[in-house]
$ cat structure_24.cif   # mmCIF, C-alpha atoms
data_structure
loop_
_atom_site.label_atom_id
_atom_site.label_comp_id
_atom_site.auth_asym_id
_atom_site.auth_seq_id
_atom_site.Cartn_x
_atom_site.Cartn_y
_atom_site.Cartn_z
CA MET P 1 66.03 67.00 66.82
CA LYS P 2 68.38 65.03 64.63
CA ILE P 3 71.31 63.63 66.54
CA ASP P 4 74.37 62.58 64.55
CA ASN P 5 76.21 60.06 66.69
CA SER P 6 79.31 60.06 64.54
CA LEU P 7 80.19 63.52 65.84
CA PRO P 8 81.28 64.58 69.33
CA LEU P 9 78.30 65.29 71.57
CA GLU P 10 78.74 69.08 71.43
CA TYR P 11 78.44 69.06 67.63
CA SER P 12 75.77 66.39 67.38
CA THR P 13 72.87 68.60 66.31
CA GLU P 14 72.76 71.36 63.74
CA GLU P 15 71.72 73.85 66.41
CA ASN P 16 74.77 72.94 68.48
CA ARG P 17 77.12 73.30 65.54
CA LEU P 18 75.68 76.73 64.74
CA LYS P 19 75.95 77.83 68.38
CA ILE P 20 79.65 77.00 68.30
CA PHE P 21 80.08 78.95 65.08
CA GLY P 22 78.11 81.84 66.54
CA PHE P 23 80.42 81.92 69.51
CA TRP P 24 83.42 82.17 67.20
CA ILE P 25 81.84 85.27 65.68
CA PHE P 26 81.47 86.70 69.18
CA LEU P 27 85.16 85.99 69.79
CA GLY P 28 85.94 87.92 66.59
CA ALA P 29 84.20 90.93 68.15
CA GLU P 30 86.17 90.38 71.36
CA ILE P 31 89.42 90.49 69.36
CA ALA P 32 88.32 93.91 68.06
CA LEU P 33 87.43 95.07 71.60
CA PHE P 34 90.82 94.15 73.01
CA ALA P 35 92.55 95.64 69.97
CA THR P 36 91.08 99.06 70.82
CA LEU P 37 92.30 98.74 74.40
CA PHE P 38 95.78 97.68 73.27
CA ALA P 39 95.88 100.56 70.78
CA THR P 40 94.97 103.03 73.54
CA TYR P 41 97.63 101.57 75.81
CA PHE P 42 100.37 101.70 73.16
CA VAL P 43 99.58 105.35 72.45
CA LEU P 44 99.54 106.38 76.13
CA VAL P 45 102.31 104.15 77.45
CA ASN P 46 104.81 107.00 77.70
CA GLY P 47 102.34 109.40 79.28
CA THR P 48 103.45 108.63 82.80
CA GLY P 49 103.38 112.23 84.10
CA ASN P 50 104.56 112.31 87.72
CA GLY P 51 103.48 108.70 88.29
CA PRO P 52 105.56 105.52 88.14
CA THR P 53 106.55 103.90 84.85
CA GLY P 54 105.93 100.30 83.83
CA GLU P 55 109.56 99.48 84.46
CA HIS P 56 109.15 100.67 88.04
CA LEU P 57 105.82 98.85 88.63
CA PHE P 58 105.99 95.49 86.89
CA LYS P 59 107.47 92.57 88.84
CA VAL P 60 108.57 89.23 87.40
CA PRO P 61 107.30 86.89 90.19
CA THR P 62 103.65 88.01 90.11
CA LEU P 63 103.73 88.14 86.32
CA MET P 64 105.04 84.59 86.02
CA LEU P 65 102.60 83.33 88.64
CA GLN P 66 99.65 84.79 86.71
CA THR P 67 100.97 83.45 83.41
CA ILE P 68 101.54 79.93 84.75
CA PHE P 69 98.08 79.89 86.38
CA LEU P 70 96.32 80.91 83.19
CA LEU P 71 98.39 78.77 80.81
CA THR P 72 97.85 75.70 82.99
CA SER P 73 94.13 76.39 83.33
CA SER P 74 93.88 76.59 79.56
CA PHE P 75 95.57 73.18 79.39
CA THR P 76 93.31 71.60 82.03
CA ILE P 77 90.11 72.82 80.39
CA GLY P 78 91.41 71.28 77.15
CA LEU P 79 91.79 68.02 79.05
CA GLY P 80 88.27 68.52 80.40
CA ILE P 81 86.86 68.69 76.88
CA ASN P 82 88.93 65.63 75.94
CA ALA P 83 87.46 63.75 78.93
CA MET P 84 83.98 64.92 77.94
CA ARG P 85 84.50 63.41 74.49
CA LEU P 86 85.56 60.17 76.09
CA GLY P 87 82.26 60.27 77.96
CA SER P 88 83.87 60.49 81.37
CA LYS P 89 81.73 62.91 83.32
CA LYS P 90 83.74 62.52 86.50
CA ALA P 91 87.10 63.27 84.86
CA MET P 92 85.59 66.15 82.95
CA LEU P 93 84.16 67.77 86.07
CA SER P 94 87.45 67.30 87.92
CA PHE P 95 89.35 69.08 85.15
CA PHE P 96 86.79 71.87 85.07
CA VAL P 97 87.06 72.35 88.85
CA ILE P 98 90.88 72.47 88.59
CA THR P 99 90.54 75.01 85.78
CA LEU P 100 88.34 77.29 87.87
CA ILE P 101 90.66 77.00 90.89
CA LEU P 102 93.59 78.04 88.69
CA GLY P 103 91.47 80.89 87.33
CA LEU P 104 90.71 81.97 90.88
CA GLY P 105 94.46 81.83 91.61
CA PHE P 106 95.13 84.08 88.62
CA LEU P 107 92.51 86.55 89.76
CA GLY P 108 93.85 86.51 93.32
CA VAL P 109 97.36 87.40 92.13
CA GLU P 110 96.00 90.10 89.83
CA ILE P 111 93.98 91.69 92.64
CA TYR P 112 97.04 91.50 94.93
CA GLU P 113 99.05 93.20 92.21
CA PHE P 114 96.46 95.98 91.78
CA VAL P 115 96.46 96.60 95.55
CA GLU P 116 100.27 96.81 95.48
CA TYR P 117 100.13 99.32 92.62
CA VAL P 118 97.69 101.52 94.48
CA HIS P 119 99.91 101.38 97.59
CA GLU P 120 102.80 102.60 95.47
CA GLY P 121 100.68 105.56 94.43
CA ALA P 122 99.74 104.15 91.04
CA THR P 123 95.97 104.56 90.76
CA ILE P 124 93.80 104.68 87.66
CA GLN P 125 93.77 108.50 87.95
CA THR P 126 97.51 109.02 88.35
CA SER P 127 98.53 109.16 84.70
CA ALA P 128 97.37 108.40 81.17
CA PHE P 129 99.64 105.36 81.19
CA LEU P 130 97.98 103.96 84.32
CA SER P 131 94.44 104.74 83.10
CA SER P 132 95.01 102.74 79.95
CA LEU P 133 96.88 100.00 81.82
CA PHE P 134 94.14 99.48 84.40
CA THR P 135 91.46 99.57 81.69
CA LEU P 136 93.23 96.90 79.64
CA LEU P 137 94.12 94.65 82.59
CA GLY P 138 90.77 95.30 84.25
CA THR P 139 88.77 94.35 81.17
CA HIS P 140 90.70 91.10 80.92
CA GLY P 141 90.28 90.49 84.67
CA ALA P 142 86.54 91.18 84.41
CA HIS P 143 86.32 88.57 81.64
CA VAL P 144 88.09 86.03 83.86
CA THR P 145 85.72 86.89 86.74
CA LEU P 146 82.70 86.35 84.50
CA GLY P 147 84.28 83.09 83.33
CA LEU P 148 84.53 81.86 86.92
CA PHE P 149 80.78 82.30 87.42
CA TRP P 150 79.95 80.89 83.99
CA GLY P 151 82.18 77.84 84.59
CA THR P 152 80.60 77.22 87.98
CA PHE P 153 77.13 77.14 86.42
CA ILE P 154 78.34 74.80 83.66
CA ILE P 155 79.70 72.40 86.28
CA LEU P 156 76.41 72.49 88.19
CA GLN P 157 74.39 71.84 85.03
CA VAL P 158 76.53 68.93 83.89
CA LYS P 159 76.36 67.49 87.40
CA LYS P 160 72.58 67.76 87.48
CA ARG P 161 71.64 66.91 83.91
CA GLY P 162 74.52 64.70 82.84
CA LEU P 163 76.41 64.71 79.57
CA ILE P 164 73.77 65.38 76.94
CA PRO P 165 74.19 67.28 73.65
CA GLU P 166 72.92 70.47 75.27
CA THR P 167 75.23 70.54 78.28
CA ALA P 168 78.21 69.26 76.27
CA ASN P 169 77.68 72.13 73.83
CA LYS P 170 77.60 74.68 76.65
CA ALA P 171 80.74 73.22 78.18
CA PHE P 172 82.56 73.30 74.84
CA ILE P 173 81.60 76.93 74.23
CA PHE P 174 82.80 77.84 77.72
CA SER P 175 86.13 76.17 76.90
CA LEU P 176 86.44 78.37 73.79
CA TYR P 177 85.90 81.45 75.95
CA TRP P 178 88.50 80.32 78.47
CA HIS P 179 91.14 79.59 75.82
CA PHE P 180 90.45 82.99 74.31
CA LEU P 181 91.18 84.69 77.63
CA ASP P 182 94.51 82.86 77.70
CA VAL P 183 95.29 84.15 74.20
CA VAL P 184 94.55 87.73 75.30
CA TRP P 185 96.75 87.24 78.36
CA ILE P 186 99.65 86.09 76.17
CA PHE P 187 99.53 89.43 74.37
CA ILE P 188 99.29 91.36 77.66
CA PHE P 189 102.20 89.29 79.01
CA SER P 190 104.35 90.02 75.94
CA PHE P 191 103.51 93.57 74.93
CA VAL P 192 102.52 95.17 78.23
CA TYR P 193 104.64 93.47 80.89
CA LEU P 194 107.74 92.14 79.11
CA LYS P 195 108.04 95.13 76.82
CA GLY P 196 107.46 97.43 79.79
CA MET P 197 110.20 95.77 81.81
CA MET P 198 112.83 95.91 79.08
CA MET V 1 94.26 57.30 82.61
CA LYS V 2 96.53 57.68 79.62
CA GLN V 3 93.51 58.51 77.49
CA LEU V 4 92.80 61.49 79.73
CA PHE V 5 96.16 63.05 78.87
CA PRO V 6 96.37 62.95 75.07
CA ARG V 7 99.93 63.26 73.80
CA GLY V 8 99.16 66.17 71.50
CA GLN V 9 97.72 68.35 74.22
CA VAL V 10 100.51 67.54 76.70
CA MET V 11 103.09 68.40 74.04
CA GLY V 12 101.16 71.57 73.21
CA PHE V 13 101.22 72.62 76.87
CA ALA V 14 104.96 71.89 77.16
CA PHE V 15 105.54 73.89 74.00
CA SER V 16 103.54 76.85 75.32
CA LEU V 17 105.67 76.82 78.51
CA ILE V 18 108.83 76.83 76.39
CA LEU V 19 107.51 79.75 74.33
CA THR V 20 106.78 81.62 77.57
CA LEU V 21 110.38 81.13 78.71
CA VAL V 22 111.73 82.22 75.32
CA ALA V 23 109.59 85.38 75.56
CA LEU V 24 110.94 85.97 79.08
CA SER V 25 114.48 85.99 77.67
CA VAL V 26 113.92 89.53 76.35
CA ILE V 27 114.18 90.92 79.88
CA VAL V 28 117.00 88.56 80.91
CA PHE V 29 119.37 89.35 78.05
CA ASP V 30 120.36 92.78 76.86
CA LEU V 31 118.72 92.86 73.43
CA SER V 32 118.01 95.70 71.05
CA LEU V 33 114.37 96.86 70.97
CA LYS V 34 113.96 95.61 67.43
CA MET V 35 115.30 92.14 68.22
CA ALA V 36 113.16 91.90 71.37
CA MET V 37 110.01 92.94 69.52
CA ILE V 38 110.65 90.31 66.85
CA ILE V 39 111.05 87.62 69.52
CA LEU V 40 107.87 88.76 71.32
CA LEU V 41 105.82 88.91 68.12
CA VAL V 42 106.92 85.45 67.05
CA THR V 43 106.34 83.81 70.44
CA ALA V 44 102.98 85.55 71.03
CA PHE V 45 101.52 84.64 67.65
CA MET V 46 102.83 81.08 67.90
CA GLN V 47 101.18 80.76 71.31
CA ALA V 48 97.91 82.13 69.94
CA ALA V 49 97.99 79.75 66.97
CA LEU V 50 98.73 76.86 69.29
CA GLN V 51 95.67 77.65 71.40
CA LEU V 52 93.43 78.07 68.36
CA VAL V 53 94.38 74.88 66.59
CA MET V 54 95.32 72.55 69.42
CA PHE V 55 92.92 73.53 72.18
CA MET V 56 90.05 75.33 70.52
CA HIS V 57 89.66 72.72 67.80
CA ALA V 58 89.16 75.50 65.24
CA GLY V 59 89.56 73.20 62.26
CA GLU V 60 87.57 70.10 63.06
CA SER V 61 83.97 70.82 62.06
CA GLU V 62 82.42 71.55 58.69
CA ASP V 63 82.48 75.23 59.66
CA LYS V 64 86.27 75.21 59.48
CA ALA V 65 86.51 77.67 56.57
CA SER V 66 83.98 80.07 58.11
CA ILE V 67 85.68 79.93 61.52
CA TYR V 68 89.12 80.69 60.07
CA THR V 69 87.73 83.45 57.85
CA ASN V 70 86.13 85.00 60.93
CA VAL V 71 89.35 84.75 62.97
CA TYR V 72 91.43 86.26 60.17
CA TYR V 73 88.89 89.04 59.79
CA GLY V 74 89.01 89.74 63.54
CA LEU V 75 92.80 89.76 63.35
CA PHE V 76 92.73 92.12 60.37
CA VAL V 77 90.44 94.54 62.22
CA ALA V 78 92.72 94.30 65.28
CA LEU V 79 95.91 95.03 63.33
CA VAL V 80 94.35 97.92 61.40
CA THR V 81 93.03 99.36 64.68
CA ILE V 82 96.38 99.10 66.45
CA PHE V 83 98.72 100.15 63.63
CA GLY V 84 96.28 102.75 62.31
CA THR V 85 96.08 104.30 65.78
CA MET V 86 99.89 104.25 66.12
CA LEU V 87 100.20 105.92 62.72
CA THR V 88 97.70 108.70 63.36
CA MET V 89 98.57 109.35 67.01
CA ILE V 90 102.33 108.79 67.21
CA TRP V 91 104.36 107.78 64.18
CA GLY V 92 102.76 110.39 61.94
CA TYR V 93 104.29 113.19 64.02
CA GLN V 94 107.82 111.88 64.37
#

$ encode --input "structure_24.cif" --output "C-alpha coordinates"
Amino acid sequence: MKIDNSLPLEYSTEENRLKIFGFWIFLGAEIALFATLFATYFVLVNGTGNGPTGEHLFKVPTLMLQTIFLLTSSFTIGLGINAMRLGSKKAMLSFFVITLILGLGFLGVEIYEFVEYVHEGATIQTSAFLSSLFTLLGTHGAHVTLGLFWGTFIILQVKKRGLIPETANKAFIFSLYWHFLDVVWIFIFSFVYLKGMM
Amino acid sequence: MKQLFPRGQVMGFAFSLILTLVALSVIVFDLSLKMAMIILLVTAFMQAALQLVMFMHAGESEDKASIYTNVYYGLFVALVTIFGTMLTMIWGYQ
(Lines of atoms letter the chains of each structure in order from A and count residues from 1; the text may use other names and numbers.)
(Lines give C-alpha, C1' and ligand atoms only; values in the text may rest on other atoms or scores of the structure.)
Protein backbone atom coordinates (compact mmCIF):
# COMPACT_ATOMS: atom_id res chain seq x y z
CA MET A 1 0.00 0.00 0.00
CA LYS A 2 1.53 3.26 -1.13
CA ILE A 3 1.08 6.02 1.40
CA ASP A 4 1.48 9.59 0.17
CA ASN A 5 2.34 11.66 3.23
CA SER A 6 1.85 14.98 1.49
CA LEU A 7 -1.91 14.41 1.51
CA PRO A 8 -4.31 14.37 4.46
CA LEU A 9 -4.53 10.91 6.04
CA GLU A 10 -7.96 10.15 4.57
CA TYR A 11 -6.66 10.66 1.02
CA SER A 12 -3.25 9.09 1.54
CA THR A 13 -3.78 5.92 -0.49
CA GLU A 14 -5.37 5.48 -3.89
CA GLU A 15 -7.98 3.17 -2.40
CA ASN A 16 -8.96 5.86 0.10
CA ARG A 17 -9.24 8.51 -2.57
CA LEU A 18 -11.46 6.26 -4.67
CA LYS A 19 -13.64 5.40 -1.67
CA ILE A 20 -14.27 9.10 -1.13
CA PHE A 21 -15.14 9.55 -4.79
CA GLY A 22 -17.40 6.50 -4.65
CA PHE A 23 -19.24 8.00 -1.73
CA TRP A 24 -19.85 11.17 -3.72
CA ILE A 25 -21.51 9.04 -6.38
CA PHE A 26 -23.71 7.51 -3.69
CA LEU A 27 -24.65 11.03 -2.56
CA GLY A 28 -25.63 11.79 -6.16
CA ALA A 29 -28.11 8.91 -5.95
CA GLU A 30 -29.35 10.24 -2.61
CA ILE A 31 -30.04 13.62 -4.23
CA ALA A 32 -32.22 11.79 -6.77
CA LEU A 33 -34.00 9.86 -3.98
CA PHE A 34 -34.89 13.00 -2.05
CA ALA A 35 -35.90 14.75 -5.28
CA THR A 36 -38.61 12.12 -5.85
CA LEU A 37 -39.89 12.61 -2.30
CA PHE A 38 -39.90 16.40 -2.68
CA ALA A 39 -41.69 16.09 -6.04
CA THR A 40 -44.37 13.90 -4.45
CA TYR A 41 -44.77 16.35 -1.59
CA PHE A 42 -45.09 19.39 -3.87
CA VAL A 43 -47.77 17.64 -5.91
CA LEU A 44 -49.80 16.52 -2.88
CA VAL A 45 -49.28 19.52 -0.61
CA ASN A 46 -52.78 20.87 -1.21
CA GLY A 47 -54.45 17.49 -0.81
CA THR A 48 -55.28 18.03 2.83
CA GLY A 49 -58.81 16.55 2.72
CA ASN A 50 -60.44 16.87 6.14
CA GLY A 51 -57.04 16.90 7.90
CA PRO A 52 -54.99 19.87 9.08
CA THR A 53 -52.92 21.99 6.69
CA GLY A 54 -49.23 22.78 7.00
CA GLU A 55 -50.05 26.27 8.19
CA HIS A 56 -52.04 24.76 11.04
CA LEU A 57 -49.39 22.14 11.98
CA PHE A 58 -45.98 23.74 11.59
CA LYS A 59 -44.58 25.63 14.58
CA VAL A 60 -41.61 28.01 14.55
CA PRO A 61 -39.96 27.01 17.88
CA THR A 62 -39.56 23.28 17.10
CA LEU A 63 -38.53 24.10 13.54
CA MET A 64 -35.81 26.51 14.66
CA LEU A 65 -34.62 24.11 17.34
CA GLN A 66 -34.20 21.32 14.78
CA THR A 67 -32.50 23.65 12.32
CA ILE A 68 -30.04 25.02 14.88
CA PHE A 69 -29.22 21.50 16.13
CA LEU A 70 -28.48 20.20 12.64
CA LEU A 71 -26.64 23.30 11.39
CA THR A 72 -24.43 23.32 14.48
CA SER A 73 -23.75 19.59 14.24
CA SER A 74 -22.67 20.08 10.64
CA PHE A 75 -20.26 22.76 11.86
CA THR A 76 -18.85 20.63 14.69
CA ILE A 77 -18.23 17.62 12.47
CA GLY A 78 -16.36 19.98 10.13
CA LEU A 79 -14.23 20.98 13.10
CA GLY A 80 -13.78 17.29 13.89
CA ILE A 81 -12.32 16.66 10.44
CA ASN A 82 -10.12 19.74 10.85
CA ALA A 83 -8.85 18.36 14.18
CA MET A 84 -8.28 14.97 12.55
CA ARG A 85 -6.08 16.65 9.93
CA LEU A 86 -4.13 18.34 12.69
CA GLY A 87 -3.57 14.86 14.11
CA SER A 88 -5.41 15.58 17.34
CA LYS A 89 -7.35 12.42 18.09
CA LYS A 90 -8.73 13.75 21.35
CA ALA A 91 -10.13 16.95 19.83
CA MET A 92 -11.50 15.03 16.88
CA LEU A 93 -13.35 12.56 19.08
CA SER A 94 -14.73 15.37 21.24
CA PHE A 95 -16.14 17.13 18.18
CA PHE A 96 -17.61 13.88 16.89
CA VAL A 97 -19.30 13.20 20.24
CA ILE A 98 -20.74 16.75 20.27
CA THR A 99 -21.97 16.20 16.71
CA LEU A 100 -23.79 13.01 17.64
CA ILE A 101 -25.34 14.62 20.75
CA LEU A 102 -26.66 17.46 18.57
CA GLY A 103 -27.94 14.86 16.09
CA LEU A 104 -29.71 13.09 18.93
CA GLY A 105 -31.20 16.45 19.97
CA PHE A 106 -32.49 16.97 16.44
CA LEU A 107 -34.04 13.52 16.39
CA GLY A 108 -35.60 14.04 19.82
CA VAL A 109 -37.31 17.25 18.68
CA GLU A 110 -38.46 15.60 15.46
CA ILE A 111 -39.97 12.65 17.32
CA TYR A 112 -41.64 15.06 19.77
CA GLU A 113 -43.04 16.94 16.79
CA PHE A 114 -44.39 13.75 15.17
CA VAL A 115 -46.09 12.77 18.44
CA GLU A 116 -47.67 16.25 18.62
CA TYR A 117 -48.93 15.91 15.04
CA VAL A 118 -50.52 12.56 15.77
CA HIS A 119 -52.18 14.01 18.89
CA GLU A 120 -53.67 16.74 16.72
CA GLY A 121 -55.15 14.05 14.51
CA ALA A 122 -52.53 14.33 11.79
CA THR A 123 -51.40 10.77 11.07
CA ILE A 124 -49.75 9.37 7.97
CA GLN A 125 -53.17 8.06 6.85
CA THR A 126 -55.13 11.27 7.35
CA SER A 127 -54.51 12.92 3.99
CA ALA A 128 -52.32 12.82 0.89
CA PHE A 129 -50.50 15.89 2.20
CA LEU A 130 -49.63 14.15 5.48
CA SER A 131 -48.63 10.88 3.77
CA SER A 132 -46.11 12.70 1.61
CA LEU A 133 -44.98 14.92 4.50
CA PHE A 134 -44.31 12.02 6.86
CA THR A 135 -42.56 10.07 4.09
CA LEU A 136 -40.24 12.98 3.30
CA LEU A 137 -39.51 13.91 6.93
CA GLY A 138 -39.35 10.26 7.96
CA THR A 139 -36.82 9.35 5.27
CA HIS A 140 -34.62 12.22 6.38
CA GLY A 141 -35.09 11.26 10.05
CA ALA A 142 -34.22 7.63 9.25
CA HIS A 143 -31.00 8.83 7.61
CA VAL A 144 -30.12 10.81 10.73
CA THR A 145 -30.88 7.76 12.90
CA LEU A 146 -28.60 5.60 10.76
CA GLY A 147 -25.97 8.35 11.00
CA LEU A 148 -26.09 8.22 14.80
CA PHE A 149 -25.24 4.51 14.79
CA TRP A 150 -22.64 4.90 12.05
CA GLY A 151 -20.98 7.81 13.89
CA THR A 152 -20.89 5.85 17.13
CA PHE A 153 -19.06 2.99 15.43
CA ILE A 154 -16.60 5.43 13.82
CA ILE A 155 -15.82 6.90 17.23
CA LEU A 156 -15.27 3.44 18.70
CA GLN A 157 -12.96 2.43 15.83
CA VAL A 158 -10.86 5.57 16.01
CA LYS A 159 -10.62 5.15 19.78
CA LYS A 160 -9.49 1.55 19.44
CA ARG A 161 -7.28 1.69 16.36
CA GLY A 162 -6.09 5.29 16.40
CA LEU A 163 -5.79 7.70 13.51
CA ILE A 164 -4.58 5.59 10.62
CA PRO A 165 -5.39 6.05 6.91
CA GLU A 166 -8.20 3.52 7.15
CA THR A 167 -10.06 5.02 10.11
CA ALA A 168 -9.42 8.59 8.95
CA ASN A 169 -10.98 7.69 5.60
CA LYS A 170 -14.06 6.23 7.29
CA ALA A 171 -14.42 9.28 9.50
CA PHE A 172 -14.13 11.63 6.52
CA ILE A 173 -16.76 9.70 4.55
CA PHE A 174 -19.08 9.81 7.56
CA SER A 175 -18.60 13.59 7.68
CA LEU A 176 -19.68 13.82 4.03
CA TYR A 177 -22.85 11.89 4.87
CA TRP A 178 -23.60 14.13 7.83
CA HIS A 179 -23.12 17.36 5.86
CA PHE A 180 -25.38 15.95 3.16
CA LEU A 181 -28.17 15.39 5.69
CA ASP A 182 -27.82 19.04 6.69
CA VAL A 183 -28.16 20.07 3.03
CA VAL A 184 -31.36 18.02 2.71
CA TRP A 185 -32.68 19.58 5.90
CA ILE A 186 -32.08 23.08 4.53
CA PHE A 187 -34.40 22.27 1.64
CA ILE A 188 -37.02 20.76 3.97
CA PHE A 189 -36.71 23.83 6.21
CA SER A 190 -37.20 26.23 3.27
CA PHE A 191 -39.68 24.52 0.98
CA VAL A 192 -41.73 22.42 3.38
CA TYR A 193 -41.86 24.37 6.64
CA LEU A 194 -41.30 28.03 5.73
CA LYS A 195 -43.31 27.83 2.54
CA GLY A 196 -46.03 25.94 4.42
CA MET A 197 -46.22 28.59 7.12
CA MET A 198 -46.47 31.54 4.75
CA MET B 1 -6.86 25.95 20.49
CA LYS B 2 -7.11 28.55 17.77
CA GLN B 3 -6.06 25.93 15.24
CA LEU B 4 -9.09 23.86 16.18
CA PHE B 5 -11.45 26.65 15.10
CA PRO B 6 -10.26 27.66 11.62
CA ARG B 7 -11.46 31.11 10.62
CA GLY B 8 -13.01 29.95 7.37
CA GLN B 9 -15.23 27.36 8.99
CA VAL B 10 -16.32 29.68 11.81
CA MET B 11 -17.21 32.35 9.24
CA GLY B 12 -19.02 29.72 7.17
CA PHE B 13 -21.08 28.69 10.19
CA ALA B 14 -21.92 32.31 11.03
CA PHE B 15 -22.92 32.87 7.42
CA SER B 16 -25.17 29.80 7.41
CA LEU B 17 -26.92 31.12 10.55
CA ILE B 18 -27.44 34.48 8.84
CA LEU B 19 -28.88 32.75 5.77
CA THR B 20 -31.25 30.81 8.03
CA LEU B 21 -32.50 34.06 9.56
CA VAL B 22 -32.91 35.66 6.13
CA ALA B 23 -34.96 32.63 5.04
CA LEU B 24 -37.06 32.96 8.20
CA SER B 25 -37.96 36.52 7.17
CA VAL B 26 -40.44 35.15 4.62
CA ILE B 27 -42.85 34.22 7.42
CA VAL B 28 -42.15 37.37 9.46
CA PHE B 29 -42.83 39.90 6.71
CA ASP B 30 -45.84 39.96 4.45
CA LEU B 31 -44.24 39.13 1.10
CA SER B 32 -45.73 38.05 -2.20
CA LEU B 33 -45.37 34.34 -2.99
CA LYS B 34 -43.02 35.09 -5.86
CA MET B 35 -40.73 37.27 -3.76
CA ALA B 36 -40.70 34.72 -0.93
CA MET B 37 -39.87 31.85 -3.28
CA ILE B 38 -36.98 33.83 -4.75
CA ILE B 39 -35.60 34.51 -1.26
CA LEU B 40 -35.97 30.83 -0.26
CA LEU B 41 -34.35 29.55 -3.46
CA VAL B 42 -31.40 31.89 -3.11
CA THR B 43 -30.80 31.19 0.58
CA ALA B 44 -31.26 27.40 0.22
CA PHE B 45 -28.88 27.03 -2.71
CA MET B 46 -26.32 29.33 -1.07
CA GLN B 47 -26.48 27.20 2.07
CA ALA B 48 -26.04 24.03 0.03
CA ALA B 49 -23.07 25.47 -1.86
CA LEU B 50 -21.53 26.60 1.41
CA GLN B 51 -21.74 23.07 2.83
CA LEU B 52 -20.33 21.50 -0.33
CA VAL B 53 -17.35 23.77 -0.74
CA MET B 54 -16.53 24.79 2.81
CA PHE B 55 -17.36 21.69 4.82
CA MET B 56 -17.36 18.80 2.39
CA HIS B 57 -14.08 19.84 0.78
CA ALA B 58 -15.54 19.02 -2.65
CA GLY B 59 -12.76 20.74 -4.55
CA GLU B 60 -9.55 19.72 -2.85
CA SER B 61 -8.53 16.37 -4.33
CA GLU B 62 -7.56 15.40 -7.85
CA ASP B 63 -11.10 14.08 -8.28
CA LYS B 64 -12.44 17.63 -8.13
CA ALA B 65 -13.78 17.66 -11.70
CA SER B 66 -15.42 14.23 -11.35
CA ILE B 67 -16.98 15.15 -8.00
CA TYR B 68 -18.47 18.39 -9.33
CA THR B 69 -19.69 16.68 -12.50
CA ASN B 70 -21.40 14.08 -10.34
CA VAL B 71 -23.01 16.71 -8.09
CA TYR B 72 -24.24 18.73 -11.07
CA TYR B 73 -25.61 15.57 -12.64
CA GLY B 74 -27.43 14.69 -9.40
CA LEU B 75 -28.79 18.23 -9.27
CA PHE B 76 -29.91 18.01 -12.90
CA VAL B 77 -31.76 14.75 -12.24
CA ALA B 78 -33.34 16.30 -9.14
CA LEU B 79 -34.55 19.42 -10.94
CA VAL B 80 -35.91 17.46 -13.91
CA THR B 81 -37.70 15.10 -11.50
CA ILE B 82 -39.26 17.91 -9.48
CA PHE B 83 -40.18 20.32 -12.29
CA GLY B 84 -41.14 17.51 -14.66
CA THR B 85 -43.50 16.12 -12.01
CA MET B 86 -44.97 19.58 -11.37
CA LEU B 87 -45.50 20.04 -15.11
CA THR B 88 -47.20 16.72 -15.72
CA MET B 89 -49.22 16.56 -12.50
CA ILE B 90 -50.19 20.17 -11.80
CA TRP B 91 -49.11 22.99 -14.08
CA GLY B 92 -50.12 21.15 -17.24
CA TYR B 93 -53.78 21.24 -16.19
CA GLN B 94 -54.05 24.85 -15.11

$ resolve_selection --input "structure_24.cif" --expression "the PyMOL selection byres ((chain V and resi 58) around 12)" --output "count of residues only"
32

$ closest_residue --input "structure_24.cif" --among "V:Met46, V:Ile18, V:Ala78, V:Leu41" --to "chain P" --atoms "all atoms listed in the file"
V:Ala78

$ interface_residues --input "structure_24.cif" --of "chain P" --to "chain V" --cutoff "6 Å" --atoms "only C-alpha atoms" --output "VMD selection string"
chain P and resid 28 31 to 32 35 39 78 83 176 183 190 198

$ write_last_selection --input "structure_24.cif" --atoms "C-alpha atoms" --output "PDB file, in the frame of the given file"
ATOM      1  CA  GLY P  28      85.940  87.920  66.590  1.00  0.00           C
ATOM      2  CA  ILE P  31      89.420  90.490  69.360  1.00  0.00           C
ATOM      3  CA  ALA P  32      88.320  93.910  68.060  1.00  0.00           C
ATOM      4  CA  ALA P  35      92.550  95.640  69.970  1.00  0.00           C
ATOM      5  CA  ALA P  39      95.880 100.560  70.780  1.00  0.00           C
ATOM      6  CA  GLY P  78      91.410  71.280  77.150  1.00  0.00           C
ATOM      7  CA  ALA P  83      87.460  63.750  78.930  1.00  0.00           C
ATOM      8  CA  LEU P 176      86.440  78.370  73.790  1.00  0.00           C
ATOM      9  CA  VAL P 183      95.290  84.150  74.200  1.00  0.00           C
ATOM     10  CA  SER P 190     104.350  90.020  75.940  1.00  0.00           C
ATOM     11  CA  MET P 198     112.830  95.910  79.080  1.00  0.00           C
TER      12      MET P 198
END

$ residues_around --input "structure_24.cif" --residues "stretch 152-156 of chain P" --least-positions-apart "3" --cutoff "8 Å" --atoms "all atoms listed in the file" --output "list in words"
Leu93, Phe96, Val97, Leu100, Leu148, Phe149, Lys159, Lys160, Thr167, Lys170 and Ala171 of chain P

$ atom_distance --input "structure_24.cif" --atom1 "atom CA of P:Thr48" --atom2 "atom CA of P:Gln66"
24.5 Å

$ atom_distance --input "structure_24.cif" --atom1 "atom CA of P:Leu194" --atom2 "atom CA of V:Val42"
13.8 Å

$ axis_aligned_box --input "structure_24.cif" --around "stretch 55-70 of chain P" --padding-each-side "3 Å" --output "AutoDock Vina command-line options"
--center_x 102.9 --center_y 90.3 --center_z 86.7 --size_x 19.2 --size_y 26.8 --size_z 13.0

$ atom_distance --input "structure_24.cif" --atom1 "atom CA of P:Leu63" --atom2 "atom CA of P:Met197"
11.0 Å

$ residues_around --input "structure_24.cif" --residues "stretch 133-146 of chain P" --least-positions-apart "2" --cutoff "7 Å" --atoms "only C-alpha atoms" --output "number ranges by chain"
P: 37-38, 41, 107, 124, 129-131, 148-150

$ closest_residue --input "structure_24.cif" --among "P:Gln157, P:Ser132, P:Thr72, P:Asn16" --to "P:Thr36" --atoms "only C-alpha atoms"
P:Ser132

$ closest_residue --input "structure_24.cif" --among "P:Leu102, P:Val184, P:Leu86, P:Leu65" --to "P:Pro8" --atoms "only C-alpha atoms"
P:Leu86

$ closest_residue --input "structure_24.cif" --among "P:Tyr193, P:Phe75, P:Phe69, P:Phe95" --to "P:Gly108" --atoms "all atoms listed in the file"
P:Phe69

$ resolve_selection --input "structure_24.cif" --expression "the PyMOL selection byres ((chain P and resi 92) around 8)" --output "list of chain:residue names"
P:Leu79, P:Gly80, P:Ile81, P:Asn82, P:Ala83, P:Met84, P:Ser88, P:Lys89, P:Lys90, P:Ala91, P:Leu93, P:Ser94, P:Phe95, P:Phe96

$ closest_residue --input "structure_24.cif" --among "P:Phe174, P:Ile68, P:Phe189, P:Arg85" --to "P:Leu7" --atoms "only C-alpha atoms"
P:Arg85
